[in-house]
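Structure data (compact mmCIF, N, CA and C atoms) from final-v7.txt:
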# COMPACT_ATOMS: atom_id res chain seq x y z
N MET X 1 138.42 60.74 54.65
CA MET X 1 139.48 61.57 54.11
C MET X 1 140.24 60.80 53.05
N ASN X 2 140.67 61.46 52.02
CA ASN X 2 141.46 60.87 50.96
C ASN X 2 142.82 60.47 51.52
N SER X 3 143.17 59.19 51.41
CA SER X 3 144.41 58.72 52.00
C SER X 3 145.63 59.37 51.35
N ALA X 4 145.53 59.80 50.10
CA ALA X 4 146.67 60.44 49.45
C ALA X 4 146.99 61.78 50.08
N SER X 5 146.05 62.36 50.81
CA SER X 5 146.29 63.69 51.37
C SER X 5 146.95 63.64 52.75
N VAL X 6 147.09 62.45 53.33
CA VAL X 6 147.72 62.31 54.64
C VAL X 6 148.97 61.45 54.49
N LEU X 7 150.09 61.97 54.99
CA LEU X 7 151.34 61.22 54.94
C LEU X 7 151.97 61.24 56.32
N LEU X 8 152.32 60.05 56.81
CA LEU X 8 153.09 59.91 58.04
C LEU X 8 154.45 59.38 57.65
N VAL X 9 155.50 60.08 58.08
CA VAL X 9 156.86 59.65 57.81
C VAL X 9 157.54 59.34 59.14
N GLY X 10 158.01 58.12 59.28
CA GLY X 10 158.82 57.73 60.43
C GLY X 10 160.28 57.89 60.06
N ILE X 11 160.99 58.71 60.80
CA ILE X 11 162.39 58.99 60.51
C ILE X 11 163.25 58.25 61.53
N GLY X 12 164.35 57.65 61.07
CA GLY X 12 165.19 56.94 62.01
C GLY X 12 166.37 56.26 61.37
N SER X 13 166.93 55.35 62.13
CA SER X 13 168.06 54.55 61.68
C SER X 13 168.00 53.21 62.41
N ALA X 14 168.96 52.36 62.14
CA ALA X 14 168.99 51.05 62.79
C ALA X 14 169.79 51.08 64.09
N HIS X 15 169.93 52.24 64.68
CA HIS X 15 170.75 52.41 65.87
C HIS X 15 169.90 52.54 67.13
N GLY X 16 169.61 51.43 67.77
CA GLY X 16 168.89 51.43 69.04
C GLY X 16 167.58 52.20 68.99
N ASP X 17 167.40 53.10 69.95
CA ASP X 17 166.14 53.85 70.06
C ASP X 17 165.89 54.79 68.89
N ASP X 18 166.92 55.06 68.08
CA ASP X 18 166.72 55.93 66.92
C ASP X 18 165.77 55.30 65.91
N ARG X 19 165.52 54.02 66.02
CA ARG X 19 164.59 53.35 65.11
C ARG X 19 163.12 53.53 65.52
N VAL X 20 162.86 54.29 66.58
CA VAL X 20 161.48 54.42 67.07
C VAL X 20 160.56 55.04 66.03
N GLY X 21 161.04 55.97 65.23
CA GLY X 21 160.20 56.55 64.18
C GLY X 21 159.72 55.50 63.20
N TRP X 22 160.62 54.59 62.84
CA TRP X 22 160.25 53.49 61.93
C TRP X 22 159.23 52.57 62.59
N SER X 23 159.45 52.27 63.87
CA SER X 23 158.55 51.35 64.59
C SER X 23 157.15 51.95 64.74
N VAL X 24 157.08 53.22 65.05
CA VAL X 24 155.78 53.89 65.17
C VAL X 24 155.09 53.93 63.81
N ALA X 25 155.83 54.22 62.75
CA ALA X 25 155.24 54.25 61.41
C ALA X 25 154.64 52.89 61.05
N ALA X 26 155.35 51.81 61.37
CA ALA X 26 154.83 50.47 61.08
C ALA X 26 153.55 50.20 61.88
N ALA X 27 153.53 50.62 63.14
CA ALA X 27 152.34 50.40 63.97
C ALA X 27 151.16 51.23 63.48
N VAL X 28 151.40 52.45 63.04
CA VAL X 28 150.31 53.29 62.49
C VAL X 28 149.80 52.66 61.20
N ALA X 29 150.68 52.19 60.34
CA ALA X 29 150.27 51.56 59.09
C ALA X 29 149.38 50.35 59.36
N GLN X 30 149.72 49.59 60.38
CA GLN X 30 148.93 48.41 60.73
C GLN X 30 147.54 48.81 61.21
N ARG X 31 147.45 49.87 62.00
CA ARG X 31 146.17 50.31 62.56
C ARG X 31 145.30 51.02 61.52
N ALA X 32 145.92 51.90 60.72
CA ALA X 32 145.16 52.77 59.82
C ALA X 32 144.93 52.15 58.45
N GLY X 33 145.64 51.10 58.12
CA GLY X 33 145.47 50.48 56.81
C GLY X 33 145.77 51.46 55.69
N ASP X 34 144.90 51.49 54.70
CA ASP X 34 145.14 52.38 53.56
C ASP X 34 144.59 53.79 53.78
N GLN X 35 144.17 54.10 54.98
CA GLN X 35 143.65 55.44 55.28
C GLN X 35 144.75 56.49 55.39
N VAL X 36 145.97 56.05 55.63
CA VAL X 36 147.11 56.95 55.78
C VAL X 36 148.27 56.37 54.98
N ARG X 37 148.87 57.20 54.17
CA ARG X 37 150.09 56.79 53.48
C ARG X 37 151.23 56.87 54.49
N VAL X 38 152.02 55.81 54.59
CA VAL X 38 153.10 55.74 55.57
C VAL X 38 154.41 55.44 54.84
N ARG X 39 155.43 56.20 55.18
CA ARG X 39 156.77 56.00 54.62
C ARG X 39 157.77 56.02 55.77
N THR X 40 158.94 55.48 55.52
CA THR X 40 160.04 55.61 56.47
C THR X 40 161.22 56.24 55.74
N ALA X 41 162.01 56.97 56.51
CA ALA X 41 163.15 57.66 55.93
C ALA X 41 164.33 57.57 56.88
N ALA X 42 165.52 57.48 56.31
CA ALA X 42 166.74 57.55 57.11
C ALA X 42 167.26 58.98 57.14
N ALA X 43 166.87 59.77 56.17
CA ALA X 43 167.33 61.16 56.10
C ALA X 43 166.12 62.08 55.98
N PRO X 44 166.06 63.15 56.76
CA PRO X 44 164.92 64.08 56.68
C PRO X 44 164.69 64.64 55.28
N ALA X 45 165.75 64.79 54.50
CA ALA X 45 165.60 65.33 53.15
C ALA X 45 164.75 64.44 52.26
N ASP X 46 164.65 63.13 52.58
CA ASP X 46 163.85 62.21 51.77
C ASP X 46 162.40 62.67 51.64
N LEU X 47 161.87 63.28 52.70
CA LEU X 47 160.45 63.64 52.67
C LEU X 47 160.16 64.70 51.62
N LEU X 48 161.15 65.45 51.18
CA LEU X 48 160.93 66.49 50.17
C LEU X 48 160.41 65.91 48.86
N ASP X 49 160.73 64.66 48.58
CA ASP X 49 160.27 64.01 47.35
C ASP X 49 158.86 63.46 47.45
N TRP X 50 158.27 63.47 48.64
CA TRP X 50 156.99 62.80 48.86
C TRP X 50 155.84 63.76 49.14
N LEU X 51 156.02 65.05 48.99
CA LEU X 51 155.02 66.02 49.43
C LEU X 51 153.95 66.36 48.41
N ALA X 52 154.10 65.96 47.17
CA ALA X 52 153.09 66.27 46.15
C ALA X 52 151.75 65.66 46.55
N GLY X 53 150.71 66.48 46.59
CA GLY X 53 149.37 66.01 46.92
C GLY X 53 149.12 65.80 48.39
N VAL X 54 150.07 66.11 49.24
CA VAL X 54 149.92 65.90 50.68
C VAL X 54 149.34 67.16 51.31
N ASP X 55 148.26 66.99 52.05
CA ASP X 55 147.60 68.09 52.75
C ASP X 55 147.97 68.11 54.23
N ARG X 56 148.18 66.92 54.80
CA ARG X 56 148.52 66.78 56.21
C ARG X 56 149.76 65.90 56.31
N LEU X 57 150.85 66.45 56.87
CA LEU X 57 152.09 65.73 57.03
C LEU X 57 152.35 65.53 58.51
N HIS X 58 152.54 64.28 58.91
CA HIS X 58 152.90 63.95 60.28
C HIS X 58 154.24 63.24 60.23
N LEU X 59 155.14 63.66 61.12
CA LEU X 59 156.49 63.12 61.17
C LEU X 59 156.75 62.58 62.57
N CYS X 60 157.36 61.42 62.66
CA CYS X 60 157.71 60.85 63.96
C CYS X 60 159.20 60.58 63.96
N ASP X 61 159.88 61.13 64.98
CA ASP X 61 161.32 61.00 65.05
C ASP X 61 161.75 60.93 66.51
N ALA X 62 162.89 60.30 66.73
CA ALA X 62 163.49 60.26 68.07
C ALA X 62 164.10 61.62 68.36
N TRP X 63 164.08 61.99 69.64
CA TRP X 63 164.76 63.22 70.03
C TRP X 63 165.43 63.04 71.36
N LEU X 64 166.59 63.67 71.46
CA LEU X 64 167.40 63.57 72.68
C LEU X 64 166.93 64.60 73.68
N THR X 65 166.58 64.13 74.86
CA THR X 65 166.08 64.98 75.92
C THR X 65 166.44 64.36 77.26
N SER X 66 166.22 65.09 78.31
CA SER X 66 166.48 64.53 79.64
C SER X 66 165.30 63.72 80.16
N GLU X 67 164.20 63.70 79.43
CA GLU X 67 163.02 62.92 79.84
C GLU X 67 163.32 61.42 79.71
N PRO X 68 162.61 60.60 80.47
CA PRO X 68 162.76 59.15 80.29
C PRO X 68 162.36 58.74 78.88
N GLY X 69 162.93 57.68 78.38
CA GLY X 69 162.61 57.20 77.04
C GLY X 69 161.14 56.86 76.88
N GLY X 70 160.62 57.12 75.68
CA GLY X 70 159.25 56.78 75.35
C GLY X 70 158.24 57.88 75.60
N GLN X 71 158.69 59.06 76.03
CA GLN X 71 157.76 60.18 76.23
C GLN X 71 157.47 60.83 74.89
N LEU X 72 156.22 61.22 74.66
CA LEU X 72 155.80 61.78 73.39
C LEU X 72 155.53 63.27 73.53
N THR X 73 156.06 64.04 72.60
CA THR X 73 155.80 65.47 72.53
C THR X 73 155.32 65.79 71.13
N GLN X 74 154.35 66.68 71.03
CA GLN X 74 153.77 67.05 69.73
C GLN X 74 153.99 68.54 69.49
N TRP X 75 154.46 68.86 68.29
CA TRP X 75 154.61 70.24 67.86
C TRP X 75 153.92 70.43 66.52
N SER X 76 153.44 71.63 66.26
CA SER X 76 152.99 72.02 64.93
C SER X 76 154.07 72.90 64.32
N PHE X 77 154.41 72.64 63.09
CA PHE X 77 155.43 73.43 62.41
C PHE X 77 154.77 74.64 61.76
N PRO X 78 155.35 75.82 61.85
CA PRO X 78 156.62 76.13 62.48
C PRO X 78 156.44 76.43 63.96
N ASP X 79 157.36 75.98 64.76
CA ASP X 79 157.38 76.25 66.19
C ASP X 79 158.85 76.41 66.56
N PRO X 80 159.22 77.54 67.13
CA PRO X 80 160.63 77.75 67.48
C PRO X 80 161.20 76.65 68.37
N ALA X 81 160.36 75.98 69.14
CA ALA X 81 160.85 74.92 70.03
C ALA X 81 161.43 73.74 69.25
N ILE X 82 160.98 73.55 68.01
CA ILE X 82 161.49 72.45 67.19
C ILE X 82 162.98 72.63 66.93
N GLU X 83 163.39 73.87 66.71
CA GLU X 83 164.80 74.15 66.41
C GLU X 83 165.72 73.73 67.56
N SER X 84 165.25 73.87 68.78
CA SER X 84 166.10 73.57 69.94
C SER X 84 165.77 72.23 70.59
N ALA X 85 164.93 71.42 69.97
CA ALA X 85 164.45 70.19 70.59
C ALA X 85 165.38 69.00 70.46
N GLY X 86 166.48 69.13 69.78
CA GLY X 86 167.40 68.00 69.69
C GLY X 86 167.13 67.07 68.53
N PHE X 87 166.57 67.60 67.44
CA PHE X 87 166.38 66.79 66.25
C PHE X 87 167.59 66.93 65.35
N GLY X 88 168.75 66.68 65.93
CA GLY X 88 169.98 66.76 65.17
C GLY X 88 170.03 65.65 64.15
N SER X 89 170.98 65.76 63.25
CA SER X 89 171.08 64.76 62.21
C SER X 89 172.53 64.58 61.82
N THR X 90 172.89 63.36 61.47
CA THR X 90 174.22 63.13 60.93
C THR X 90 174.22 63.37 59.44
N HIS X 91 173.07 63.68 58.90
CA HIS X 91 172.95 63.96 57.47
C HIS X 91 173.14 65.44 57.23
N SER X 92 173.23 65.82 55.99
CA SER X 92 173.53 67.21 55.68
C SER X 92 172.35 68.15 55.94
N LEU X 93 171.16 67.63 56.09
CA LEU X 93 169.98 68.46 56.28
C LEU X 93 169.19 67.94 57.48
N SER X 94 169.04 68.76 58.51
CA SER X 94 168.28 68.36 59.70
C SER X 94 166.78 68.39 59.38
N LEU X 95 165.98 67.83 60.25
CA LEU X 95 164.53 67.85 60.06
C LEU X 95 163.98 69.27 60.01
N PRO X 96 164.33 70.15 60.95
CA PRO X 96 163.83 71.53 60.84
C PRO X 96 164.26 72.20 59.54
N ALA X 97 165.49 71.95 59.10
CA ALA X 97 165.97 72.54 57.85
C ALA X 97 165.21 72.00 56.65
N ALA X 98 164.89 70.71 56.65
CA ALA X 98 164.11 70.12 55.55
C ALA X 98 162.72 70.74 55.49
N LEU X 99 162.11 70.97 56.64
CA LEU X 99 160.78 71.59 56.66
C LEU X 99 160.84 73.04 56.19
N ARG X 100 161.87 73.77 56.60
CA ARG X 100 162.03 75.15 56.13
C ARG X 100 162.23 75.19 54.62
N LEU X 101 163.01 74.24 54.09
CA LEU X 101 163.23 74.18 52.65
C LEU X 101 161.93 73.89 51.91
N ALA X 102 161.13 72.97 52.42
CA ALA X 102 159.83 72.68 51.80
C ALA X 102 158.95 73.92 51.79
N ALA X 103 158.99 74.70 52.87
CA ALA X 103 158.21 75.95 52.93
C ALA X 103 158.71 76.92 51.87
N GLU X 104 160.02 77.05 51.73
CA GLU X 104 160.58 77.96 50.73
C GLU X 104 160.25 77.52 49.31
N LEU X 105 160.16 76.22 49.09
CA LEU X 105 159.82 75.68 47.77
C LEU X 105 158.33 75.71 47.49
N GLY X 106 157.53 76.03 48.51
CA GLY X 106 156.08 76.07 48.34
C GLY X 106 155.43 74.70 48.33
N THR X 107 156.11 73.71 48.88
CA THR X 107 155.57 72.34 48.89
C THR X 107 155.17 71.87 50.28
N LEU X 108 155.34 72.73 51.29
CA LEU X 108 155.00 72.34 52.65
C LEU X 108 153.48 72.20 52.78
N PRO X 109 153.00 71.05 53.25
CA PRO X 109 151.54 70.87 53.41
C PRO X 109 150.96 71.88 54.40
N ARG X 110 149.64 72.06 54.35
CA ARG X 110 148.97 73.05 55.21
C ARG X 110 149.09 72.68 56.68
N GLU X 111 149.18 71.38 56.99
CA GLU X 111 149.33 70.93 58.37
C GLU X 111 150.59 70.08 58.47
N VAL X 112 151.48 70.47 59.38
CA VAL X 112 152.69 69.69 59.64
C VAL X 112 152.79 69.49 61.14
N ILE X 113 152.71 68.24 61.55
CA ILE X 113 152.79 67.88 62.96
C ILE X 113 154.04 67.02 63.15
N LEU X 114 154.82 67.38 64.12
CA LEU X 114 156.01 66.61 64.45
C LEU X 114 155.79 65.94 65.80
N TRP X 115 155.97 64.62 65.81
CA TRP X 115 155.86 63.81 67.02
C TRP X 115 157.28 63.42 67.43
N GLY X 116 157.73 63.95 68.54
CA GLY X 116 159.06 63.62 69.05
C GLY X 116 158.95 62.60 70.16
N VAL X 117 159.73 61.55 70.04
CA VAL X 117 159.75 60.50 71.06
C VAL X 117 161.10 60.54 71.75
N SER X 118 161.07 60.76 73.06
CA SER X 118 162.34 60.82 73.80
C SER X 118 162.99 59.44 73.76
N ILE X 119 164.31 59.44 73.64
CA ILE X 119 165.03 58.18 73.54
C ILE X 119 166.08 58.06 74.63
N GLU X 120 166.48 56.82 74.89
CA GLU X 120 167.47 56.53 75.92
C GLU X 120 168.85 56.29 75.34
N ARG X 121 168.91 55.60 74.22
CA ARG X 121 170.21 55.30 73.62
C ARG X 121 170.04 55.06 72.12
N ALA X 122 171.11 55.32 71.40
CA ALA X 122 171.11 55.10 69.95
C ALA X 122 172.42 54.42 69.58
N GLU X 123 172.61 53.23 70.10
CA GLU X 123 173.84 52.49 69.87
C GLU X 123 173.72 51.64 68.61
N PRO X 124 174.74 51.64 67.77
CA PRO X 124 174.70 50.83 66.55
C PRO X 124 174.37 49.37 66.83
N GLY X 125 173.41 48.85 66.12
CA GLY X 125 173.04 47.44 66.23
C GLY X 125 172.19 47.08 67.42
N ALA X 126 171.95 48.01 68.33
CA ALA X 126 171.15 47.71 69.52
C ALA X 126 169.66 47.72 69.17
N PRO X 127 168.86 46.94 69.89
CA PRO X 127 167.41 46.99 69.69
C PRO X 127 166.84 48.22 70.40
N LEU X 128 165.55 48.44 70.23
CA LEU X 128 164.88 49.48 71.01
C LEU X 128 165.02 49.15 72.49
N SER X 129 165.20 50.15 73.32
CA SER X 129 165.23 49.91 74.76
C SER X 129 163.84 49.46 75.20
N PRO X 130 163.73 48.70 76.29
CA PRO X 130 162.42 48.21 76.72
C PRO X 130 161.39 49.32 76.93
N ARG X 131 161.78 50.43 77.52
CA ARG X 131 160.84 51.52 77.78
C ARG X 131 160.32 52.13 76.47
N VAL X 132 161.22 52.34 75.50
CA VAL X 132 160.80 52.93 74.23
C VAL X 132 159.96 51.93 73.44
N ALA X 133 160.35 50.67 73.43
CA ALA X 133 159.58 49.64 72.73
C ALA X 133 158.16 49.53 73.30
N ALA X 134 158.04 49.61 74.62
CA ALA X 134 156.72 49.52 75.26
C ALA X 134 155.84 50.72 74.92
N ALA X 135 156.46 51.86 74.59
CA ALA X 135 155.70 53.07 74.29
C ALA X 135 155.17 53.09 72.85
N VAL X 136 155.72 52.30 71.96
CA VAL X 136 155.35 52.36 70.54
C VAL X 136 153.85 52.18 70.32
N PRO X 137 153.19 51.15 70.88
CA PRO X 137 151.74 51.02 70.63
C PRO X 137 150.93 52.22 71.13
N ARG X 138 151.29 52.76 72.29
CA ARG X 138 150.58 53.93 72.83
C ARG X 138 150.77 55.15 71.93
N ILE X 139 151.97 55.33 71.43
CA ILE X 139 152.26 56.46 70.55
C ILE X 139 151.49 56.31 69.23
N ALA X 140 151.51 55.12 68.67
CA ALA X 140 150.76 54.88 67.42
C ALA X 140 149.27 55.13 67.62
N GLU X 141 148.75 54.70 68.75
CA GLU X 141 147.33 54.93 69.05
C GLU X 141 147.03 56.43 69.13
N ARG X 142 147.90 57.18 69.78
CA ARG X 142 147.70 58.62 69.91
C ARG X 142 147.73 59.30 68.54
N ILE X 143 148.67 58.92 67.70
CA ILE X 143 148.75 59.50 66.36
C ILE X 143 147.50 59.16 65.56
N CYS X 144 147.06 57.93 65.65
CA CYS X 144 145.84 57.52 64.93
C CYS X 144 144.62 58.30 65.43
N GLU X 145 144.55 58.58 66.73
CA GLU X 145 143.45 59.37 67.26
C GLU X 145 143.46 60.76 66.64
N VAL X 146 144.62 61.39 66.57
CA VAL X 146 144.72 62.72 65.96
C VAL X 146 144.37 62.66 64.48
N LEU X 147 144.78 61.58 63.82
CA LEU X 147 144.47 61.42 62.40
C LEU X 147 143.04 60.92 62.18
N GLU X 148 142.34 60.63 63.26
CA GLU X 148 140.96 60.16 63.24
C GLU X 148 140.80 58.76 62.65
N TYR X 149 141.80 57.89 62.94
CA TYR X 149 141.74 56.50 62.51
C TYR X 149 141.94 55.56 63.68
N ALA X 150 141.47 55.94 64.87
CA ALA X 150 141.67 55.10 66.06
C ALA X 150 140.84 53.83 65.95
Let's see the structure in the file written out as structure tokens.
Amino acid sequence: MNSASVLLVGIGSAHGDDRVGWSVAAAVAQRAGDQVRVRTAAAPADLLDWLAGVDRLHLCDAWLTSEPGGQLTQWSFPDPAIESAGFGSTHSLSLPAALRLAAELGTLPREVILWGVSIERAEPGAPLSPRVAAAVPRIAERICEVLEYA
């Protein structure tokens, strides 16, 4: 597959488990090499600038849930469950809103997969919690399997 047609975006911040999207993106980049274009974003709106030529978009982000940290959930966009899944944002545009905007602009790729990783805490300056950190390699492996770069 043409690497330009696949984009994985890890969304997060430097606040504890909220950095899991960045960590998973780094692990996927290490495994897949140049087979997958990998970016990281602090704001979901950033991905709107990166969609030209993208056929398959995969997004990895932390989500608040009652599940133990490090659990992985996969959705295909659009899915009403994404709206209520806890992908809130301190930025002006949430992840679901950014995807809806891309659809309205006609730039949404044909395949959009959202990987939500349950988190335990998002404290400023804190590292990943042990449970979430231990899940990163498994999550990256699963994403690579779906992308066919295991």
(request) Go through X:Val20, X:Ala42, X:Leu128, X:Ala103 and flag the residue nearest Gly116 in chain X, using only C-alpha atoms for the distances. (result)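 Of X:Val20, X:Ala42, X:Leu128, X:Ala103, the one nearest Gly116 in chain X, counting only C-alpha atoms, is X:Val20.
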(request) Name the closest residue to Arg131 in chain X among the candidates X:His15, X:Gln71, X:Asp49, X:Asp55; distances are taken between atoms, counting only N, CA and C atoms. (result) X:Gln71
(message) Considering only C-alpha atoms, can you say which of X:Val117, X:Glu141, X:Gln35, X:Val9 comes closest to Thr65 in chain X?
(response) X:Val117
(request) For each of X:Leu105, X:Leu47, X:Ala62, X:Ala52, take the minimum atom-to-atom distance to Ser13 in chain X, counting all atoms listed in the file, then give the residue where this is smallest. (result)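 Distance minimum relative to Ser13 in chain X lands on X:Ala62.
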(message) Measuring between all atoms listed in the file, which one of X:Arg56, X:Ile11, X:Asp46, X:Thr40 shows the shortest distance to Leu108 in chain X?
(response)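 Going through X:Arg56, X:Ile11, X:Asp46, X:Thr40 one by one, the smallest distance to Leu108 in chain X is for X:Arg56.
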So that all listed atoms of range 32-39 of chain X fit with 6 Å spare on each side, what axis-aligned box centre and edge lengths in Å, to one decimal, would you give as JSON?
{"center_x": 150.7, "center_y": 53.8, "center_z": 57.1, "size_x": 26.1, "size_y": 18.7, "size_z": 19.2}
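Closest approach to Ile143 in chain X among X:Arg19, X:Ser66, X:Ala41, X:Trp115: X:Trp115, based on only C-alpha atoms.
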For the alpha helix (DSSP H) assignment from backbone DSSP, which residues of range 2-144 of chain X qualify? Please present them as a compact mmCIF listing (two decimals) with N, CA and C atoms, in the frame of the given file.
# COMPACT_ATOMS: atom_id res chain seq x y z
N VAL X 20 162.86 54.29 66.58
CA VAL X 20 161.48 54.42 67.07
C VAL X 20 160.56 55.04 66.03
N GLY X 21 161.04 55.97 65.23
CA GLY X 21 160.20 56.55 64.18
C GLY X 21 159.72 55.50 63.20
N TRP X 22 160.62 54.59 62.84
CA TRP X 22 160.25 53.49 61.93
C TRP X 22 159.23 52.57 62.59
N SER X 23 159.45 52.27 63.87
CA SER X 23 158.55 51.35 64.59
C SER X 23 157.15 51.95 64.74
N VAL X 24 157.08 53.22 65.05
CA VAL X 24 155.78 53.89 65.17
C VAL X 24 155.09 53.93 63.81
N ALA X 25 155.83 54.22 62.75
CA ALA X 25 155.24 54.25 61.41
C ALA X 25 154.64 52.89 61.05
N ALA X 26 155.35 51.81 61.37
CA ALA X 26 154.83 50.47 61.08
C ALA X 26 153.55 50.20 61.88
N ALA X 27 153.53 50.62 63.14
CA ALA X 27 152.34 50.40 63.97
C ALA X 27 151.16 51.23 63.48
N VAL X 28 151.40 52.45 63.04
CA VAL X 28 150.31 53.29 62.49
C VAL X 28 149.80 52.66 61.20
N ALA X 29 150.68 52.19 60.34
CA ALA X 29 150.27 51.56 59.09
C ALA X 29 149.38 50.35 59.36
N GLN X 30 149.72 49.59 60.38
CA GLN X 30 148.93 48.41 60.73
C GLN X 30 147.54 48.81 61.21
N ARG X 31 147.45 49.87 62.00
CA ARG X 31 146.17 50.31 62.56
C ARG X 31 145.30 51.02 61.52
N ALA X 32 145.92 51.90 60.72
CA ALA X 32 145.16 52.77 59.82
C ALA X 32 144.93 52.15 58.45
N PRO X 80 159.22 77.54 67.13
CA PRO X 80 160.63 77.75 67.48
C PRO X 80 161.20 76.65 68.37
N ALA X 81 160.36 75.98 69.14
CA ALA X 81 160.85 74.92 70.03
C ALA X 81 161.43 73.74 69.25
N ILE X 82 160.98 73.55 68.01
CA ILE X 82 161.49 72.45 67.19
C ILE X 82 162.98 72.63 66.93
N GLU X 83 163.39 73.87 66.71
CA GLU X 83 164.80 74.15 66.41
C GLU X 83 165.72 73.73 67.56
N LEU X 95 165.98 67.83 60.25
CA LEU X 95 164.53 67.85 60.06
C LEU X 95 163.98 69.27 60.01
N PRO X 96 164.33 70.15 60.95
CA PRO X 96 163.83 71.53 60.84
C PRO X 96 164.26 72.20 59.54
N ALA X 97 165.49 71.95 59.10
CA ALA X 97 165.97 72.54 57.85
C ALA X 97 165.21 72.00 56.65
N ALA X 98 164.89 70.71 56.65
CA ALA X 98 164.11 70.12 55.55
C ALA X 98 162.72 70.74 55.49
N LEU X 99 162.11 70.97 56.64
CA LEU X 99 160.78 71.59 56.66
C LEU X 99 160.84 73.04 56.19
N ARG X 100 161.87 73.77 56.60
CA ARG X 100 162.03 75.15 56.13
C ARG X 100 162.23 75.19 54.62
N LEU X 101 163.01 74.24 54.09
CA LEU X 101 163.23 74.18 52.65
C LEU X 101 161.93 73.89 51.91
N ALA X 102 161.13 72.97 52.42
CA ALA X 102 159.83 72.68 51.80
C ALA X 102 158.95 73.92 51.79
N ALA X 103 158.99 74.70 52.87
CA ALA X 103 158.21 75.95 52.93
C ALA X 103 158.71 76.92 51.87
N GLU X 104 160.02 77.05 51.73
CA GLU X 104 160.58 77.96 50.73
C GLU X 104 160.25 77.52 49.31
N LEU X 105 160.16 76.22 49.09
CA LEU X 105 159.82 75.68 47.77
C LEU X 105 158.33 75.71 47.49
N PRO X 130 163.73 48.70 76.29
CA PRO X 130 162.42 48.21 76.72
C PRO X 130 161.39 49.32 76.93
N ARG X 131 161.78 50.43 77.52
CA ARG X 131 160.84 51.52 77.78
C ARG X 131 160.32 52.13 76.47
N VAL X 132 161.22 52.34 75.50
CA VAL X 132 160.80 52.93 74.23
C VAL X 132 159.96 51.93 73.44
N ALA X 133 160.35 50.67 73.43
CA ALA X 133 159.58 49.64 72.73
C ALA X 133 158.16 49.53 73.30
N ALA X 134 158.04 49.61 74.62
CA ALA X 134 156.72 49.52 75.26
C ALA X 134 155.84 50.72 74.92
N ALA X 135 156.46 51.86 74.59
CA ALA X 135 155.70 53.07 74.29
C ALA X 135 155.17 53.09 72.85
N VAL X 136 155.72 52.30 71.96
CA VAL X 136 155.35 52.36 70.54
C VAL X 136 153.85 52.18 70.32
N PRO X 137 153.19 51.15 70.88
CA PRO X 137 151.74 51.02 70.63
C PRO X 137 150.93 52.22 71.13
N ARG X 138 151.29 52.76 72.29
CA ARG X 138 150.58 53.93 72.83
C ARG X 138 150.77 55.15 71.93
N ILE X 139 151.97 55.33 71.43
CA ILE X 139 152.26 56.46 70.55
C ILE X 139 151.49 56.31 69.23
N ALA X 140 151.51 55.12 68.67
CA ALA X 140 150.76 54.88 67.42
C ALA X 140 149.27 55.13 67.62
N GLU X 141 148.75 54.70 68.75
CA GLU X 141 147.33 54.93 69.05
C GLU X 141 147.03 56.43 69.13
N ARG X 142 147.90 57.18 69.78
CA ARG X 142 147.70 58.62 69.91
C ARG X 142 147.73 59.30 68.54
N ILE X 143 148.67 58.92 67.70
CA ILE X 143 148.75 59.50 66.36
C ILE X 143 147.50 59.16 65.56
N CYS X 144 147.06 57.93 65.65
CA CYS X 144 145.84 57.52 64.93
C CYS X 144 144.62 58.30 65.43
(request) Compile the contact shell of Pro124 in chain X as a PyMOL selection string: residues with an atom at most 8 Å away, counting only N, CA and C atoms, same-chain residues fewer than 5 positions apart removed. (result) chain X and resi 14-17
(request) Go ahead and compute the interatomic distance for atom N of Val36 in chain X and atom C of Trp22 in chain X, in Å to one decimal. (result)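 Atom C of Trp22 in chain X lies at a distance of 15.4 Å from atom N of Val36 in chain X.
Our summary of the geometry notes that atom C of Val28 in chain X is positioned 16.0 Å from atom N of Ala134 in chain X.
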(message) Could you pull out the strand (DSSP E or B) residues of chain X, going by DSSP on the backbone, and write them as a PyMOL selection string?
(response) chain X and resi 6-11+37-41+56-63+72-76+111-118
